[in-house]
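Asks: Have a peek at data19.txt (compact mmCIF, C-alpha atoms and all ligand atoms).
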# COMPACT_ATOMS: atom_id res chain seq x y z
CA MET A 1 -11.36 -26.76 -28.56
CA ALA A 2 -12.97 -23.94 -26.61
CA HIS A 3 -13.32 -20.50 -28.30
CA THR A 4 -11.46 -17.60 -26.69
CA GLY A 5 -14.77 -16.12 -25.53
CA GLU A 6 -15.76 -19.39 -23.84
CA LYS A 7 -12.30 -19.76 -22.34
CA ARG A 8 -12.54 -16.22 -21.00
CA LYS A 9 -15.99 -16.86 -19.56
CA ARG A 10 -14.93 -20.06 -17.79
CA SER A 11 -11.81 -18.49 -16.42
CA ASP A 12 -13.83 -15.39 -15.47
CA GLU A 13 -16.25 -17.52 -13.44
CA LYS A 14 -13.34 -19.13 -11.62
CA ASN A 15 -11.69 -15.76 -11.05
CA ASN A 16 -14.86 -13.94 -10.13
CA GLY A 17 -13.88 -11.33 -12.72
CA ASN A 18 -10.62 -10.50 -10.98
CA GLY A 19 -8.12 -11.80 -13.51
CA SER A 20 -6.06 -9.92 -16.07
CA THR A 21 -6.07 -10.69 -19.77
CA ASN A 22 -2.96 -12.19 -21.38
CA ALA A 23 -1.73 -11.87 -25.00
CA GLU A 24 -4.20 -14.56 -26.19
CA GLY A 25 -7.10 -12.70 -24.59
CA THR A 26 -7.52 -15.33 -21.87
CA LEU A 27 -8.24 -14.12 -18.39
CA GLN A 28 -5.60 -15.29 -15.97
CA HIS A 29 -5.87 -15.78 -12.27
CA PRO A 30 -3.87 -13.06 -10.42
CA LEU A 31 -2.05 -15.81 -8.51
CA SER A 32 -1.61 -18.16 -11.43
CA GLY A 33 1.49 -20.39 -11.11
CA PHE A 34 2.26 -19.05 -7.64
CA GLU A 35 5.58 -20.17 -6.18
CA LEU A 36 6.68 -19.12 -2.71
CA LYS A 37 10.15 -17.58 -2.50
CA ALA A 38 10.17 -16.39 1.10
CA VAL A 39 8.02 -15.46 4.07
CA LEU A 40 8.84 -11.81 4.61
CA ARG A 41 6.95 -11.33 7.83
CA GLU A 42 4.12 -12.84 9.83
CA SER A 43 2.11 -11.78 12.82
CA ALA A 44 0.08 -14.18 14.92
CA ARG A 45 -1.54 -11.22 16.65
CA ASP A 46 -2.66 -9.46 13.48
CA LYS A 47 -3.36 -12.77 11.67
CA THR A 48 -1.37 -11.60 8.67
CA ILE A 49 1.45 -13.03 6.62
CA PHE A 50 3.56 -11.19 4.01
CA LEU A 51 4.96 -13.39 1.25
CA HIS A 52 7.49 -12.94 -1.52
CA GLY A 53 6.61 -15.13 -4.48
CA LYS A 54 6.55 -15.56 -8.19
CA VAL A 55 3.36 -15.51 -10.29
CA THR A 56 2.81 -15.97 -13.99
CA SER A 57 -0.14 -13.61 -14.21
CA GLY A 58 -1.38 -11.96 -17.43
CA ASN A 59 1.03 -9.72 -19.32
CA GLU A 60 3.01 -8.79 -16.27
CA ASN A 61 6.45 -10.12 -15.58
CA CYS A 62 5.95 -11.15 -12.00
CA ASP A 63 9.12 -12.88 -10.96
CA ASP A 64 8.73 -10.84 -7.83
CA ALA A 65 5.32 -10.37 -6.29
CA VAL A 66 4.35 -9.49 -2.73
CA ILE A 67 1.24 -11.19 -1.43
CA ILE A 68 -0.36 -10.17 1.83
CA LEU A 69 -2.84 -12.54 3.45
CA GLU A 70 -4.95 -11.23 6.28
CA LYS A 71 -7.76 -12.92 8.18
CA THR A 72 -10.64 -10.47 8.21
CA PRO A 73 -12.43 -9.24 11.36
CA PHE A 74 -15.75 -10.78 12.41
CA GLN A 75 -18.82 -8.94 11.20
CA THR A 76 -21.36 -8.46 13.97
CA ASP A 77 -24.32 -8.78 11.58
CA THR A 78 -23.27 -12.21 10.25
CA VAL A 79 -21.49 -13.69 13.26
CA SER A 80 -24.51 -15.51 14.64
CA SER A 81 -24.88 -17.48 11.39
CA LEU A 82 -21.48 -19.00 12.15
CA LEU A 83 -23.01 -20.83 15.11
CA LYS A 84 -26.49 -21.66 13.84
CA ASN A 85 -27.56 -25.05 12.43
CA ASP A 86 -24.96 -27.19 14.22
CA PRO A 87 -21.81 -26.14 12.37
CA GLU A 88 -18.93 -28.56 12.02
CA LEU A 89 -17.00 -28.51 15.32
CA LYS A 90 -13.92 -30.52 16.28
CA LEU A 91 -13.36 -30.95 20.01
CA GLN A 92 -9.84 -29.98 21.10
CA PHE A 93 -10.40 -30.51 24.81
CA LYS A 94 -13.03 -30.31 27.49
CA ASN A 95 -12.44 -29.67 31.18
CA ASP A 96 -15.38 -29.13 33.52
CA ILE A 97 -17.38 -26.19 32.11
CA TYR A 98 -14.60 -25.26 29.62
CA GLY A 99 -14.65 -26.58 26.08
CA VAL A 100 -12.34 -25.64 23.18
CA TYR A 101 -13.35 -26.55 19.63
CA GLN A 102 -12.21 -25.93 16.12
CA LEU A 103 -15.04 -24.59 13.96
CA SER A 104 -14.94 -24.97 10.18
CA PRO A 105 -17.15 -22.16 8.84
CA PRO A 106 -18.65 -22.05 5.35
CA ALA A 107 -16.39 -20.38 2.77
CA GLU A 108 -18.40 -17.12 2.64
CA LEU A 109 -17.84 -16.57 6.36
CA ASN A 110 -14.17 -17.47 6.20
CA GLU A 111 -12.64 -14.94 3.82
CA ILE A 112 -8.97 -14.05 3.68
CA LYS A 113 -8.19 -10.57 2.39
CA THR A 114 -5.50 -11.02 -0.25
CA THR A 115 -3.41 -8.12 -1.50
CA VAL A 116 -1.22 -8.72 -4.54
CA ILE A 117 1.56 -6.29 -5.52
CA CYS A 118 2.80 -7.39 -8.91
CA PRO A 119 5.39 -6.70 -10.13
CA ALA A 120 6.92 -5.76 -6.78
CA SER A 121 10.12 -3.72 -6.67
CA GLU A 122 13.01 -4.51 -4.36
CA LYS A 123 11.83 -1.59 -2.25
CA HIS A 124 8.40 -3.22 -1.83
CA ILE A 125 10.01 -6.48 -0.75
CA LYS A 126 12.21 -4.69 1.77
CA LYS A 127 9.24 -2.68 3.04
CA TYR A 128 7.42 -5.80 4.16
CA LEU A 129 10.47 -7.71 5.43
CA GLN A 130 10.73 -8.13 9.19
CA GLN A 131 13.55 -5.84 10.26
CA GLU A 132 15.09 -3.98 13.16
CA VAL A 133 13.97 -0.34 13.29
CA TYR A 134 15.93 2.67 14.47
CA LEU A 135 14.79 6.11 15.60
CA LEU A 136 16.17 9.07 13.72
CA HIS A 137 16.00 12.82 14.42
CA GLU A 138 15.92 14.77 11.18
CA THR A 139 16.91 18.45 11.42
CA GLU A 140 16.04 21.10 8.86
CA ASP A 141 19.54 20.69 7.36
CA ASP A 142 19.29 16.88 7.32
CA TYR A 143 16.07 17.18 5.37
CA LYS A 144 17.62 19.45 2.76
CA ALA A 145 20.91 17.58 2.47
CA ILE A 146 19.83 13.96 2.87
CA THR A 147 16.10 13.26 2.85
CA LEU A 148 14.97 15.53 0.02
CA PRO A 149 17.58 14.31 -2.51
CA TYR A 150 16.74 10.74 -1.48
CA ILE A 151 12.98 11.28 -1.99
CA GLU A 152 13.62 12.89 -5.37
CA SER A 153 15.81 10.01 -6.51
CA GLN A 154 14.10 6.89 -5.28
CA SER A 155 10.66 7.04 -3.76
CA PHE A 156 7.82 4.65 -4.70
CA SER A 157 5.86 5.45 -7.85
CA ILE A 158 2.70 7.45 -7.14
CA GLN A 159 0.96 6.44 -10.35
CA TRP A 160 -1.78 4.76 -8.29
CA VAL A 161 -2.51 8.17 -6.68
CA TYR A 162 -2.83 9.90 -10.07
CA ASN A 163 -5.08 7.06 -11.25
CA ILE A 164 -7.43 7.78 -8.34
CA LEU A 165 -7.39 11.56 -8.86
CA GLU A 166 -8.00 11.16 -12.61
CA LYS A 167 -10.74 8.52 -12.05
CA LYS A 168 -8.73 5.91 -13.97
CA ALA A 169 -8.89 3.50 -11.03
CA GLU A 170 -11.14 2.98 -8.00
CA ALA A 171 -13.55 5.69 -9.25
CA GLU A 172 -16.57 3.78 -7.99
CA ARG A 173 -15.02 3.60 -4.51
CA ILE A 174 -14.82 7.37 -3.98
CA VAL A 175 -16.72 8.33 -0.84
CA TYR A 176 -16.40 12.10 -1.18
CA GLU A 177 -14.70 14.63 -3.40
CA ASN A 178 -14.01 18.32 -3.17
CA PRO A 179 -12.89 19.02 -6.76
CA ASP A 180 -11.09 22.31 -6.08
CA PRO A 181 -7.62 21.97 -7.70
CA ALA A 182 -5.85 23.87 -4.89
CA ASN A 183 -7.85 23.06 -1.77
CA GLY A 184 -9.80 19.96 -2.77
CA PHE A 185 -9.27 16.23 -2.22
CA VAL A 186 -10.65 12.76 -2.81
CA LEU A 187 -11.72 10.60 0.15
CA ILE A 188 -11.50 6.90 -0.60
CA PRO A 189 -11.32 3.60 1.33
CA ASP A 190 -7.73 2.62 1.96
CA PHE A 191 -6.12 -0.42 0.39
CA LYS A 192 -6.04 -2.06 3.80
CA TRP A 193 -9.80 -1.87 4.49
CA ASN A 194 -12.24 -4.37 2.97
CA GLN A 195 -15.20 -2.07 3.88
CA LYS A 196 -17.19 -4.96 5.33
CA GLN A 197 -17.20 -3.70 8.91
CA VAL A 198 -16.63 -0.27 10.43
CA GLU A 199 -14.61 -1.75 13.32
CA ASP A 200 -11.45 -1.41 11.21
CA LEU A 201 -12.58 1.57 9.10
CA TYR A 202 -9.68 3.09 7.17
CA LEU A 203 -9.94 5.80 4.53
CA ILE A 204 -7.43 8.16 2.98
CA ALA A 205 -7.90 11.71 1.75
CA ILE A 206 -5.67 12.44 -1.24
CA CYS A 207 -5.23 16.11 -2.15
CA HIS A 208 -5.73 17.25 -5.75
CA GLN A 209 -2.80 19.64 -5.66
CA ARG A 210 0.37 18.03 -6.94
CA GLY A 211 3.86 18.62 -5.59
CA ILE A 212 3.08 18.62 -1.85
CA ARG A 213 5.36 15.76 -0.89
CA SER A 214 4.87 15.49 2.85
CA LEU A 215 4.51 17.26 6.18
CA ARG A 216 7.83 19.03 5.46
CA ASP A 217 6.25 20.99 2.59
CA LEU A 218 3.27 22.26 4.59
CA ASN A 219 2.97 25.94 5.48
CA ALA A 220 0.24 28.56 6.03
CA ASP A 221 -0.77 28.42 2.34
CA HIS A 222 -1.99 24.88 2.91
CA LEU A 223 -4.25 25.66 5.89
CA PRO A 224 -7.46 25.90 3.78
CA LEU A 225 -6.68 22.50 2.22
CA LEU A 226 -5.94 20.91 5.61
CA MET A 227 -9.10 22.41 7.16
CA ASN A 228 -11.18 21.10 4.25
CA ILE A 229 -9.75 17.61 4.66
CA LEU A 230 -10.39 17.68 8.41
CA GLU A 231 -13.92 19.08 8.38
CA GLU A 232 -15.31 17.71 5.12
CA GLY A 233 -13.63 14.33 5.68
CA LYS A 234 -15.29 13.95 9.10
CA GLU A 235 -18.64 15.06 7.70
CA ALA A 236 -18.47 12.58 4.80
CA ILE A 237 -17.56 9.70 7.11
CA LEU A 238 -20.44 10.56 9.46
CA LYS A 239 -22.85 10.65 6.54
CA ARG A 240 -21.67 7.40 4.93
CA TYR A 241 -20.67 5.27 7.93
CA GLY A 242 -22.40 6.90 10.92
CA ILE A 243 -19.08 7.42 12.74
CA THR A 244 -18.63 10.76 14.49
CA GLY A 245 -15.43 12.82 14.28
CA ASN A 246 -14.58 12.18 17.93
CA LYS A 247 -14.19 8.46 17.10
CA LEU A 248 -11.67 9.09 14.35
CA ARG A 249 -7.87 9.19 14.34
CA ILE A 250 -6.98 11.61 11.53
CA TYR A 251 -3.26 11.82 10.81
CA LEU A 252 -0.36 12.11 8.38
CA HIS A 253 2.65 9.84 8.26
CA TYR A 254 6.18 11.14 8.44
CA GLN A 255 7.94 9.57 6.63
CA PRO A 256 5.17 8.39 4.31
CA SER A 257 5.80 5.70 1.70
CA TYR A 258 4.16 7.75 -1.05
CA TYR A 259 5.20 11.39 -1.43
CA HIS A 260 1.93 12.98 -2.53
CA LEU A 261 0.10 14.53 0.40
CA HIS A 262 -2.55 12.26 1.90
CA VAL A 263 -4.26 11.98 5.26
CA HIS A 264 -5.23 8.76 7.05
CA PHE A 265 -8.67 8.35 8.72
CA THR A 266 -8.94 5.32 11.03
CA VAL A 267 -11.34 4.50 13.87
CA LEU A 268 -9.94 4.89 17.37
CA GLY A 269 -10.64 1.29 18.38
CA HIS A 270 -8.59 -0.07 15.49
CA ASP A 271 -4.86 -0.36 16.08
CA ALA A 272 -4.02 0.46 12.45
CA PRO A 273 -0.47 -0.24 11.21
CA GLY A 274 1.47 3.04 11.15
CA SER A 275 -0.54 4.78 13.87
CA SER A 276 2.30 4.72 16.41
CA VAL A 277 3.72 7.97 17.87
CA GLU A 278 6.96 7.80 15.90
CA ARG A 279 5.07 7.96 12.60
CA ALA A 280 1.60 9.49 12.98
CA HIS A 281 1.02 13.27 13.25
CA LEU A 282 -2.55 14.22 14.13
CA LEU A 283 -3.99 16.57 11.53
CA CYS A 284 -5.51 18.84 14.21
CA ASP A 285 -2.03 19.25 15.78
CA VAL A 286 -0.45 19.87 12.38
CA ILE A 287 -2.96 22.68 11.73
CA GLN A 288 -2.29 24.27 15.13
CA ASN A 289 1.48 24.02 14.72
CA ILE A 290 1.32 25.83 11.38
CA GLU A 291 -1.06 28.44 12.79
CA SER A 292 1.38 29.21 15.61
CA ASN A 293 4.44 29.13 13.33
CA PRO A 294 3.93 29.06 9.55
CA GLN A 295 7.47 27.62 9.09
CA TYR A 296 7.01 24.94 11.77
CA TYR A 297 7.46 21.94 9.45
CA GLN A 298 10.34 23.48 7.54
CA THR A 299 12.36 24.29 10.65
CA ARG A 300 11.61 21.73 13.37
CA THR A 301 13.53 18.52 13.92
CA LEU A 302 11.19 15.66 13.09
CA THR A 303 11.61 12.20 14.58
CA PHE A 304 10.75 8.94 12.85
CA ALA A 305 11.81 5.32 12.66
CA LEU A 306 13.47 3.63 9.71
CA ARG A 307 14.01 -0.05 8.96
CA GLU A 308 17.56 -1.38 9.05
CA ASP A 309 17.69 -2.06 5.34
CA GLU A 310 16.27 1.28 4.17
CA ALA A 311 18.44 3.30 1.83
CA LEU A 312 17.54 6.50 3.69
CA LEU A 313 18.93 5.09 6.93
CA LYS A 314 22.14 4.12 5.11
CA LYS A 315 22.43 7.71 3.83
CA PHE A 316 22.08 9.08 7.36
CA LYS A 317 24.75 6.61 8.55
CA GLU A 318 27.11 7.70 5.78
CA LEU A 319 26.66 11.43 6.22
CA ARG A 320 25.89 11.90 9.89
CA ASP A 321 27.15 10.68 13.23
CA PHE A 322 24.50 8.01 13.73
N1 LIG A 401 -7.12 3.01 -2.05
O1 LIG A 401 -3.75 1.50 -4.71
C1 LIG A 401 -4.09 1.92 -3.60
C2 LIG A 401 -3.21 2.11 -2.50
N2 LIG A 401 -1.87 1.92 -2.33
C3 LIG A 401 -0.91 1.42 -3.29
C4 LIG A 401 -1.54 2.27 -1.06
N3 LIG A 401 -2.65 2.70 -0.43
C5 LIG A 401 -3.69 2.62 -1.30
N4 LIG A 401 -4.99 2.92 -1.13
C6 LIG A 401 -5.84 2.74 -2.17
N5 LIG A 401 -5.39 2.26 -3.38
O2 LIG A 401 -2.49 3.56 4.02
C7 LIG A 401 -2.73 3.22 0.92
C8 LIG A 401 -1.89 2.45 1.93
C9 LIG A 401 -1.57 3.49 2.99
C10 LIG A 401 -1.61 4.78 2.21
C11 LIG A 401 -0.23 5.33 2.01
O3 LIG A 401 -2.16 4.50 0.94
O4 LIG A 401 -2.59 1.34 2.45
P1 LIG A 401 1.80 6.09 3.46
O5 LIG A 401 2.37 6.81 2.29
O6 LIG A 401 1.86 6.81 4.73
O7 LIG A 401 2.52 4.72 3.44
O8 LIG A 401 0.28 5.75 3.24
P2 LIG A 401 2.57 3.52 4.47
O9 LIG A 401 1.88 3.84 5.72
O10 LIG A 401 3.94 2.98 4.54
O11 LIG A 401 1.79 2.47 3.72
P3 LIG A 401 1.35 1.13 4.17
O12 LIG A 401 1.39 0.38 2.91
O13 LIG A 401 0.06 1.29 4.86
O14 LIG A 401 2.42 0.51 5.21
C12 LIG A 401 2.38 0.63 6.63
C13 LIG A 401 2.41 -0.72 7.28
O15 LIG A 401 1.10 -1.29 7.17
C14 LIG A 401 3.30 -1.75 6.57
O16 LIG A 401 4.64 -1.69 6.97
C15 LIG A 401 2.64 -3.02 6.99
O17 LIG A 401 3.03 -3.35 8.31
C16 LIG A 401 1.17 -2.70 7.04
N6 LIG A 401 0.43 -3.10 5.84
C17 LIG A 401 0.58 -2.59 4.61
N7 LIG A 401 -0.31 -3.14 3.74
C18 LIG A 401 -1.02 -4.02 4.45
C19 LIG A 401 -2.08 -4.90 4.11
N8 LIG A 401 -2.57 -4.96 2.86
N9 LIG A 401 -2.58 -5.68 5.07
C20 LIG A 401 -2.10 -5.59 6.33
N10 LIG A 401 -1.11 -4.77 6.73
C21 LIG A 401 -0.57 -4.00 5.80
Could you render the structure from this file as structure tokens?

Replies:
Amino acid sequence: MAHTGEKRKRSDEKNNGNGSTNAEGTLQHPLSGFELKAVLRESARDKTIFLHGKVTSGNENCDDAVIILEKTPFQTDTVSSLLKNDPELKLQFKNDIYGVYQLSPPAELNEIKTTVICPASEKHIKKYLQQEVYLLHETEDDYKAITLPYIESQSFSIQWVYNILEKKAEAERIVYENPDPANGFVLIPDFKWNQKQVEDLYLIAICHQRGIRSLRDLNADHLPLLMNILEEGKEAILKRYGITGNKLRIYLHYQPSYYHLHVHFTVLGHDAPGSSVERAHLLCDVIQNIESNPQYYQTRTLTFALREDEALLKKFKELRDF
């Protein structure tokens, strides 16, 4: 019988160190015992699929897990090795000068980015489910009477944000930090970016100050923080990735999923999810709006889209003529 240490080592090799330890001290594969429950959404264009499944991973009770599979972009520095040394090609058809083949690349050039949310709440499952979306115009009163109570009662946990700010998770991934408690922030690669190519660069700046939920809370007091994020964020990205500020889309989501102020940095050429006009607010515009009217985000009607199944949309339907 293998000793626990040996068992852990073997399982570690198989897992590449990515497993979690169960009660017996054995490392378990994050997808161990995977059973598919439903396909939540798929996109042929984005080469992604969102799955609802069950896993029996580690200590966690994962009757409900969300797994996101995404084919990763080509990397210009390794792409030529895909074609060198007569790779395995299957002819699909040939017509005159046109040939279509299926290429089977070696495993290291054929990665699938795999995101596992485990255990996933019902809200996570709904978030990734393909659904109709509806546009909503939220007035100042709507925010106070409907949205704010909703956010306070049932938004996603932001523990992962505190883990980043307190260096309990992803500490080695931090690209830049301004440690000032009021006007500082942490700049870190987003969940959605594998950092292998800058073509889909995606970072987030998370502010140190707690209690700023979203755009709606921003006023003139927050201008130094917003300016720091804009200027220092651009500078850090130029230094680390060689991408200039005029190639970056720097924006906040309204509504966000996580109500602790954060700013998205994506490259212009990348059509990042959530960068559409009904959700993304450019940071430079946000700063100007507050400069011209310090109460801009408390008083203006803000427009955004909500999915059919979202509790917030149901609240608006109940309480307003929608
Ligand atoms: N570094 O633990 C984390 C982490 N988490 C839990 C979330 N984020 C994290 N980053 C790090 N570590 O950009 C990131 C998210 C997001 C930001 C929160 O924090 O990736 P938000 O509050 O405005 O929420 O931003 P938003 O935009 O709804 O989040 P999200 O998850 O990006 O969803 C938007 C759409 O993107 C989804 O509806 C879906 O269509 C798509 N999407 C989400 N995740 C993926 C994915 N892994 N792969 C492909 N598409 C995805």

Asks: Give me the chain A side of the contact with ligand LIG 401 (chain A), cut-off 9 Å, one line per residue showing its nearest atom pair and distance in Å at one decimal, counting only C-alpha atoms and all ligand atoms, sorted by chain and residue number, as JSON lines.

Replies:
{"residue": "A:Arg41", "atom": "CA", "partner": "A:LIG401", "partner_atom": "O17", "distance": 8.9}
{"residue": "A:Asp46", "atom": "CA", "partner": "A:LIG401", "partner_atom": "C20", "distance": 8.1}
{"residue": "A:Thr48", "atom": "CA", "partner": "A:LIG401", "partner_atom": "C20", "distance": 6.5}
{"residue": "A:Ile49", "atom": "CA", "partner": "A:LIG401", "partner_atom": "C20", "distance": 8.2}
{"residue": "A:Phe50", "atom": "CA", "partner": "A:LIG401", "partner_atom": "C20", "distance": 8.3}
{"residue": "A:Ile67", "atom": "CA", "partner": "A:LIG401", "partner_atom": "N8", "distance": 8.5}
{"residue": "A:Ile68", "atom": "CA", "partner": "A:LIG401", "partner_atom": "N8", "distance": 5.8}
{"residue": "A:Leu69", "atom": "CA", "partner": "A:LIG401", "partner_atom": "N9", "distance": 7.1}
{"residue": "A:Glu70", "atom": "CA", "partner": "A:LIG401", "partner_atom": "N9", "distance": 6.2}
{"residue": "A:Lys113", "atom": "CA", "partner": "A:LIG401", "partner_atom": "N9", "distance": 7.9}
{"residue": "A:Thr114", "atom": "CA", "partner": "A:LIG401", "partner_atom": "N8", "distance": 7.4}
{"residue": "A:Thr115", "atom": "CA", "partner": "A:LIG401", "partner_atom": "N8", "distance": 5.4}
{"residue": "A:Val116", "atom": "CA", "partner": "A:LIG401", "partner_atom": "N8", "distance": 8.4}
{"residue": "A:Ile117", "atom": "CA", "partner": "A:LIG401", "partner_atom": "C3", "distance": 8.4}
{"residue": "A:Lys127", "atom": "CA", "partner": "A:LIG401", "partner_atom": "O16", "distance": 6.1}
{"residue": "A:Tyr128", "atom": "CA", "partner": "A:LIG401", "partner_atom": "O16", "distance": 5.7}
{"residue": "A:Leu129", "atom": "CA", "partner": "A:LIG401", "partner_atom": "O16", "distance": 8.5}
{"residue": "A:Ile158", "atom": "CA", "partner": "A:LIG401", "partner_atom": "C3", "distance": 8.0}
{"residue": "A:Gln159", "atom": "CA", "partner": "A:LIG401", "partner_atom": "O1", "distance": 8.9}
{"residue": "A:Trp160", "atom": "CA", "partner": "A:LIG401", "partner_atom": "O1", "distance": 5.2}
{"residue": "A:Val161", "atom": "CA", "partner": "A:LIG401", "partner_atom": "O1", "distance": 7.1}
{"residue": "A:Asn163", "atom": "CA", "partner": "A:LIG401", "partner_atom": "O1", "distance": 8.7}
{"residue": "A:Ile164", "atom": "CA", "partner": "A:LIG401", "partner_atom": "N5", "distance": 7.7}
{"residue": "A:Ala169", "atom": "CA", "partner": "A:LIG401", "partner_atom": "O1", "distance": 8.4}
{"residue": "A:Glu170", "atom": "CA", "partner": "A:LIG401", "partner_atom": "N1", "distance": 7.2}
{"residue": "A:Arg173", "atom": "CA", "partner": "A:LIG401", "partner_atom": "N1", "distance": 8.3}
{"residue": "A:Ile188", "atom": "CA", "partner": "A:LIG401", "partner_atom": "N1", "distance": 6.0}
{"residue": "A:Pro189", "atom": "CA", "partner": "A:LIG401", "partner_atom": "N1", "distance": 5.4}
{"residue": "A:Asp190", "atom": "CA", "partner": "A:LIG401", "partner_atom": "N1", "distance": 4.1}
{"residue": "A:Phe191", "atom": "CA", "partner": "A:LIG401", "partner_atom": "N4", "distance": 3.8}
{"residue": "A:Lys192", "atom": "CA", "partner": "A:LIG401", "partner_atom": "N8", "distance": 4.6}
{"residue": "A:Trp193", "atom": "CA", "partner": "A:LIG401", "partner_atom": "N8", "distance": 8.0}
{"residue": "A:Tyr202", "atom": "CA", "partner": "A:LIG401", "partner_atom": "O2", "distance": 7.9}
{"residue": "A:Leu203", "atom": "CA", "partner": "A:LIG401", "partner_atom": "N1", "distance": 7.7}
{"residue": "A:Ile204", "atom": "CA", "partner": "A:LIG401", "partner_atom": "O3", "distance": 6.7}
{"residue": "A:Ile206", "atom": "CA", "partner": "A:LIG401", "partner_atom": "O3", "distance": 9.0}
{"residue": "A:Leu252", "atom": "CA", "partner": "A:LIG401", "partner_atom": "O6", "distance": 6.8}
{"residue": "A:His253", "atom": "CA", "partner": "A:LIG401", "partner_atom": "O6", "distance": 4.7}
{"residue": "A:Tyr254", "atom": "CA", "partner": "A:LIG401", "partner_atom": "O6", "distance": 7.2}
{"residue": "A:Gln255", "atom": "CA", "partner": "A:LIG401", "partner_atom": "O6", "distance": 6.9}
{"residue": "A:Pro256", "atom": "CA", "partner": "A:LIG401", "partner_atom": "O6", "distance": 3.7}
{"residue": "A:Ser257", "atom": "CA", "partner": "A:LIG401", "partner_atom": "O5", "distance": 3.7}
{"residue": "A:Tyr258", "atom": "CA", "partner": "A:LIG401", "partner_atom": "O5", "distance": 3.9}
{"residue": "A:Tyr259", "atom": "CA", "partner": "A:LIG401", "partner_atom": "O5", "distance": 6.5}
{"residue": "A:His260", "atom": "CA", "partner": "A:LIG401", "partner_atom": "O5", "distance": 7.8}
{"residue": "A:Leu261", "atom": "CA", "partner": "A:LIG401", "partner_atom": "O5", "distance": 8.3}
{"residue": "A:His262", "atom": "CA", "partner": "A:LIG401", "partner_atom": "O8", "distance": 7.2}
{"residue": "A:Val263", "atom": "CA", "partner": "A:LIG401", "partner_atom": "O8", "distance": 8.0}
{"residue": "A:His264", "atom": "CA", "partner": "A:LIG401", "partner_atom": "O2", "distance": 6.6}
{"residue": "A:Ala272", "atom": "CA", "partner": "A:LIG401", "partner_atom": "O15", "distance": 7.6}
{"residue": "A:Pro273", "atom": "CA", "partner": "A:LIG401", "partner_atom": "O15", "distance": 4.5}
{"residue": "A:Gly274", "atom": "CA", "partner": "A:LIG401", "partner_atom": "C12", "distance": 5.2}
{"residue": "A:Ser275", "atom": "CA", "partner": "A:LIG401", "partner_atom": "O9", "distance": 8.6}
{"residue": "A:Arg279", "atom": "CA", "partner": "A:LIG401", "partner_atom": "O6", "distance": 8.6}
{"residue": "A:Ala280", "atom": "CA", "partner": "A:LIG401", "partner_atom": "O6", "distance": 8.7}

Asks: Quick one: everything within 9 Å of Thr299 of chain A, counting only C-alpha atoms, minus sequence neighbours fewer than 6 positions away in the same chain. Send it as a list in words.

Replies: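 Within the cut-off, the hits are Thr139, Glu140, Asp141 and Arg216 of chain A.
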
Asks: Can you tell me how far atom CA of Leu268 of chain A sits from atom CA of Ser80 of chain A, in Å to one decimal?

Replies: 25.2 Å

Asks: How many Å lie between atom CA of Phe322 of chain A and atom CA of Ile151 of chain A, rounded to one decimal?

Replies: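 We find that atom CA of Phe322 of chain A and atom CA of Ile151 of chain A lie 19.8 Å from each other.
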
Asks: Quick one: of A:Ser153, A:Thr147, A:Gln131, A:Ser32, who's nearest to Phe316 of chain A, counting all atoms listed in the file?

Replies: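 Looking only at the distances to Phe316 of chain A, the closest residue turns out to be A:Thr147.
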
Asks: Considering only C-alpha atoms, state which residue in the set A:Asn289, A:Thr56, A:Asn110, A:Thr266 is at the smallest distance from Ser81 of chain A.

Replies: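 Checking each candidate against Ser81 of chain A, we get A:Asn110 as the closest.
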
Asks: When you count only C-alpha atoms, which of these residues is closest to Glu122 of chain A: A:Leu148, A:Leu238, A:Val66, A:Leu187?

Replies: A:Val66

Asks: So how far away is atom CA of Pro149 of chain A from atom CA of Asn183 of chain A, in Å?

Replies: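 So the two atoms, atom CA of Asn183 of chain A and atom CA of Pro149 of chain A, lie 26.9 Å apart.
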
Asks: Counting only C-alpha atoms, what is within 9 Å of Gly233 of chain A, bar same-chain residues fewer than 6 positions away, as JSON, numbers by chain?

Replies: {"A": [176, 187, 205, 245, 265]}

Asks: For Leu313 of chain A, which of A:Glu108, A:Glu138, A:Asp221, A:Glu278 is the closest residue, counting all atoms listed in the file?

Replies: A:Glu138

Asks: Counting all atoms listed in the file, what is within 8 Å of Ala182 of chain A, bar same-chain residues fewer than 6 positions away, as a list in words?

Replies: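 Residues near the query, excluding close chain neighbours: His208, Gln209 and Leu225 of chain A.
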
Asks: Rank nothing, just name the residue among A:Arg320, A:Arg307, A:Lys196, A:Lys247 nearest to Lys126 of chain A, using all atoms listed in the file.

Replies: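 Between A:Arg320, A:Arg307, A:Lys196, A:Lys247, the residue approaching Lys126 of chain A most closely is A:Arg307.
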
Asks: Using the file's own x, y and z axes, so that the box edges lie along x, y and z, what centre and edge lengths in Å (one decimal) does a box around every listed atom of segment 254-270 of chain A get when 4 Å is added on each side? Give it as JSON.

Replies:
{"center_x": -1.7, "center_y": 7.2, "center_z": 7.9, "size_x": 27.3, "size_y": 22.6, "size_z": 28.9}

Asks: May I ask which of the residues A:Leu215, A:Leu135, A:Ala107, A:Leu201 is the closest one to His281 of chain A, counting all atoms listed in the file?

Replies: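 Residue with the minimum atom-to-atom distance to His281 of chain A: A:Leu215.
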
Asks: Can you find the residues with an atom no farther than 10 Å from (-2.1, 24.4, 12.0), counting only C-alpha atoms, and report them as a ChimeraX atom specification?

Replies: /A:218-220,222-224,226-227,283-294,296
